Amino acid sequence: QDTVAEAALALGRIGTSESIVALDRLVHQIQGPLPGKVADAILQCADHQAAQDPETAEAMYNRLMETTEPSPTRCAALKGLSSLLGPESVQFLLSALAGDDVQLRQVAVQIARTLPGTGTTVTLARALNAFTPDTQALVIKALGARGDSAALQSIRSATSHPATQVRVAALNALAAVGNESVIRLLALRAIDGSTGEQTAAKNTLVALVGDDINE
């Protein structure tokens, strides 16, 4: 298998269509998770093909996203997919966020902060209830970092979530996406919420800006 791995790495560095075919044949000889050098070779090929042959690059990244692969390999593939597909990669983010791979989830959250498009915001916001409370809190923070008001309704709803960390994250995120419609909610939480909620609500009230609010 070492010989196969070395051959795969060499083919990955070449990055031509012929080397891709040869690399694919080598990969099919391997049972179970791909050796690190083979995974690196596929990543190199995919990165090289991204501009010339996006479909081939996407297929390669998808191969590395399989659950049998180690976390670092899957993380690199997810980054590749997000760079290649842009907003169309949001479904891959959702799968990663809902999965059991902690490292992959962390990478997905980081990508979620900057992946462009209001459609991305809406998709992430609508999917919140599909995630565990811990992941919901992280995604809400990412939505806050995006600063897109398209997430407002979902984040407002999350302020009533049973889990404290989700409520606090939502109250904090309202500082970036909220408007005058959340002032009463924030004022009530600043008085009656848990300690964390009170702090978040007060900070958000101070942070909110806008002509309607200031008036």
# chains A, B, ... in the order shown; residues from 1 in each chain; ligands from 1
>>> residues_around(residues="range 60-67 of chain A", least_positions_apart="4", cutoff="7 Å", atoms="only C-alpha atoms", output="ChimeraX atom specification")
/A:42,46,56,73-74,77,80-81
>>> write_last_selection(atoms="C-alpha atoms", output="mmCIF file, in the first residue's frame")
data_model
loop_
_atom_site.group_PDB
_atom_site.id
_atom_site.type_symbol
_atom_site.label_atom_id
_atom_site.label_comp_id
_atom_site.auth_asym_id
_atom_site.auth_seq_id
_atom_site.Cartn_x
_atom_site.Cartn_y
_atom_site.Cartn_z
ATOM 1 C CA ILE A 42 -6.863 13.512 -4.507
ATOM 2 C CA ALA A 46 -9.242 18.397 -7.087
ATOM 3 C CA THR A 56 -14.457 16.284 -11.664
ATOM 4 C CA THR A 73 -9.322 14.853 5.219
ATOM 5 C CA ARG A 74 -13.049 15.598 5.410
ATOM 6 C CA ALA A 77 -12.647 18.439 1.310
ATOM 7 C CA GLY A 80 -12.591 22.688 -1.181
ATOM 8 C CA LEU A 81 -16.298 22.224 -1.873
#
>>> closest_atom_pairs(of="range 171-207 of chain A", to="range 153-158 of chain A", cutoff="9 Å", atoms="only C-alpha atoms", output="tab-separated table")
residue	atom	partner	partner_atom	distance
A:Leu171	CA	A:Arg156	CA	7.8
A:Ala173	CA	A:Ile155	CA	7.4
A:Leu174	CA	A:Ile155	CA	7.2
A:Val177	CA	A:Ile155	CA	8.6
A:Gly178	CA	A:Arg156	CA	8.5
A:Val182	CA	A:Arg156	CA	7.7
A:Leu185	CA	A:Arg156	CA	8.9
>>> write_last_selection(atoms="N, CA and C atoms", output="compact mmCIF listing (two decimals), in the first residue's frame")
# COMPACT_ATOMS: atom_id res chain seq x y z
N LEU A 171 -29.99 36.01 21.71
CA LEU A 171 -30.08 37.38 22.21
C LEU A 171 -28.85 38.19 21.79
N ALA A 173 -27.00 37.57 19.10
CA ALA A 173 -27.03 37.73 17.64
C ALA A 173 -27.99 38.83 17.20
N LEU A 174 -29.00 39.11 18.02
CA LEU A 174 -29.95 40.17 17.67
C LEU A 174 -29.28 41.54 17.58
N VAL A 177 -28.60 41.58 13.81
CA VAL A 177 -29.69 41.41 12.82
C VAL A 177 -31.01 41.99 13.29
N GLY A 178 -31.07 42.48 14.53
CA GLY A 178 -32.34 42.94 15.10
C GLY A 178 -32.75 44.32 14.62
N VAL A 182 -37.66 43.93 18.11
CA VAL A 182 -37.16 43.08 19.19
C VAL A 182 -36.91 43.86 20.49
N LEU A 185 -38.93 42.52 23.53
CA LEU A 185 -38.39 41.22 23.92
C LEU A 185 -37.10 41.40 24.72
>>> closest_residue(among="A:Phe131, A:Asp100, A:Lys141, A:Ala150", to="Thr118 in chain A", atoms="only C-alpha atoms")
A:Ala150
>>> closest_residue(among="A:Leu94, A:Ala112, A:Leu84, A:Lys202", to="Gln49 in chain A", atoms="only C-alpha atoms")
A:Leu84
>>> closest_residue(among="A:His48, A:Arg105, A:Lys79, A:Arg189", to="Ala170 in chain A", atoms="only C-alpha atoms")
A:Arg189
>>> closest_residue(among="A:Ala51, A:Ala200, A:Ala169, A:Ile140", to="Arg113 in chain A", atoms="only C-alpha atoms")
A:Ile140
>>> select_by_dssp(residues="chain A", states="helix (DSSP H, G or I)", output="PyMOL selection string")
chain A and resi 2-14+17-27+36-49+54-64+71-98+102-114+118-126+128-130+133-146+149-158+164-177+180-192+195-207+211-214
>>> atom_distance(atom1="CA of Leu104 in chain A", atom2="CA of Val139 in chain A")
13.4 Å
>>> closest_residue(among="A:Ala145, A:Leu78, A:Thr164, A:Arg184", to="Gln91 in chain A", atoms="only C-alpha atoms")
A:Leu78
>>> residues_around(residues="Arg146 in chain A", least_positions_apart="2", cutoff="7 Å", atoms="only C-alpha atoms", output="PDB file with all heavy atoms, in the first residue's frame")
ATOM      1  N   ARG A 113     -19.936  31.406   8.470  1.00  0.00           N
ATOM      2  CA  ARG A 113     -19.827  32.829   8.792  1.00  0.00           C
ATOM      3  C   ARG A 113     -19.635  33.698   7.548  1.00  0.00           C
ATOM      4  O   ARG A 113     -20.036  34.855   7.535  1.00  0.00           O
ATOM      5  CB  ARG A 113     -18.660  33.066   9.759  1.00  0.00           C
ATOM      6  CG  ARG A 113     -18.849  32.409  11.118  1.00  0.00           C
ATOM      7  CD  ARG A 113     -17.569  32.462  11.933  1.00  0.00           C
ATOM      8  NE  ARG A 113     -17.228  33.824  12.329  1.00  0.00           N
ATOM      9  CZ  ARG A 113     -17.598  34.410  13.455  1.00  0.00           C
ATOM     10  NH1 ARG A 113     -18.332  33.734  14.329  1.00  0.00           N
ATOM     11  NH2 ARG A 113     -17.241  35.641  13.731  1.00  0.00           N
ATOM     12  N   THR A 114     -19.003  33.134   6.516  1.00  0.00           N
ATOM     13  CA  THR A 114     -18.615  33.961   5.369  1.00  0.00           C
ATOM     14  C   THR A 114     -19.139  33.482   4.018  1.00  0.00           C
ATOM     15  O   THR A 114     -18.976  34.193   3.023  1.00  0.00           O
ATOM     16  CB  THR A 114     -17.078  34.039   5.280  1.00  0.00           C
ATOM     17  OG1 THR A 114     -16.535  32.715   5.183  1.00  0.00           O
ATOM     18  CG2 THR A 114     -16.497  34.722   6.525  1.00  0.00           C
ATOM     19  N   ALA A 142     -22.776  32.290  14.145  1.00  0.00           N
ATOM     20  CA  ALA A 142     -22.342  32.496  12.759  1.00  0.00           C
ATOM     21  C   ALA A 142     -23.330  33.385  12.009  1.00  0.00           C
ATOM     22  O   ALA A 142     -22.929  34.262  11.232  1.00  0.00           O
ATOM     23  CB  ALA A 142     -22.195  31.147  12.052  1.00  0.00           C
ATOM     24  N   LEU A 143     -24.610  33.172  12.243  1.00  0.00           N
ATOM     25  CA  LEU A 143     -25.626  34.012  11.604  1.00  0.00           C
ATOM     26  C   LEU A 143     -25.505  35.459  12.079  1.00  0.00           C
ATOM     27  O   LEU A 143     -25.674  36.400  11.296  1.00  0.00           O
ATOM     28  CB  LEU A 143     -27.026  33.471  11.903  1.00  0.00           C
ATOM     29  CG  LEU A 143     -27.393  32.158  11.204  1.00  0.00           C
ATOM     30  CD1 LEU A 143     -28.684  31.583  11.773  1.00  0.00           C
ATOM     31  CD2 LEU A 143     -27.527  32.372   9.696  1.00  0.00           C
ATOM     32  N   GLY A 144     -25.191  35.632  13.348  1.00  0.00           N
ATOM     33  CA  GLY A 144     -24.965  36.979  13.848  1.00  0.00           C
ATOM     34  C   GLY A 144     -23.771  37.623  13.174  1.00  0.00           C
ATOM     35  O   GLY A 144     -23.799  38.800  12.809  1.00  0.00           O
ATOM     36  N   ASP A 148     -26.954  39.398   8.493  1.00  0.00           N
ATOM     37  CA  ASP A 148     -28.009  39.419   7.481  1.00  0.00           C
ATOM     38  C   ASP A 148     -29.372  39.353   8.171  1.00  0.00           C
ATOM     39  O   ASP A 148     -29.691  38.375   8.852  1.00  0.00           O
ATOM     40  CB  ASP A 148     -27.819  38.231   6.539  1.00  0.00           C
ATOM     41  CG  ASP A 148     -28.740  38.270   5.331  1.00  0.00           C
ATOM     42  OD1 ASP A 148     -29.760  38.977   5.372  1.00  0.00           O
ATOM     43  OD2 ASP A 148     -28.432  37.584   4.339  1.00  0.00           O
TER      44      ASP A 148
END
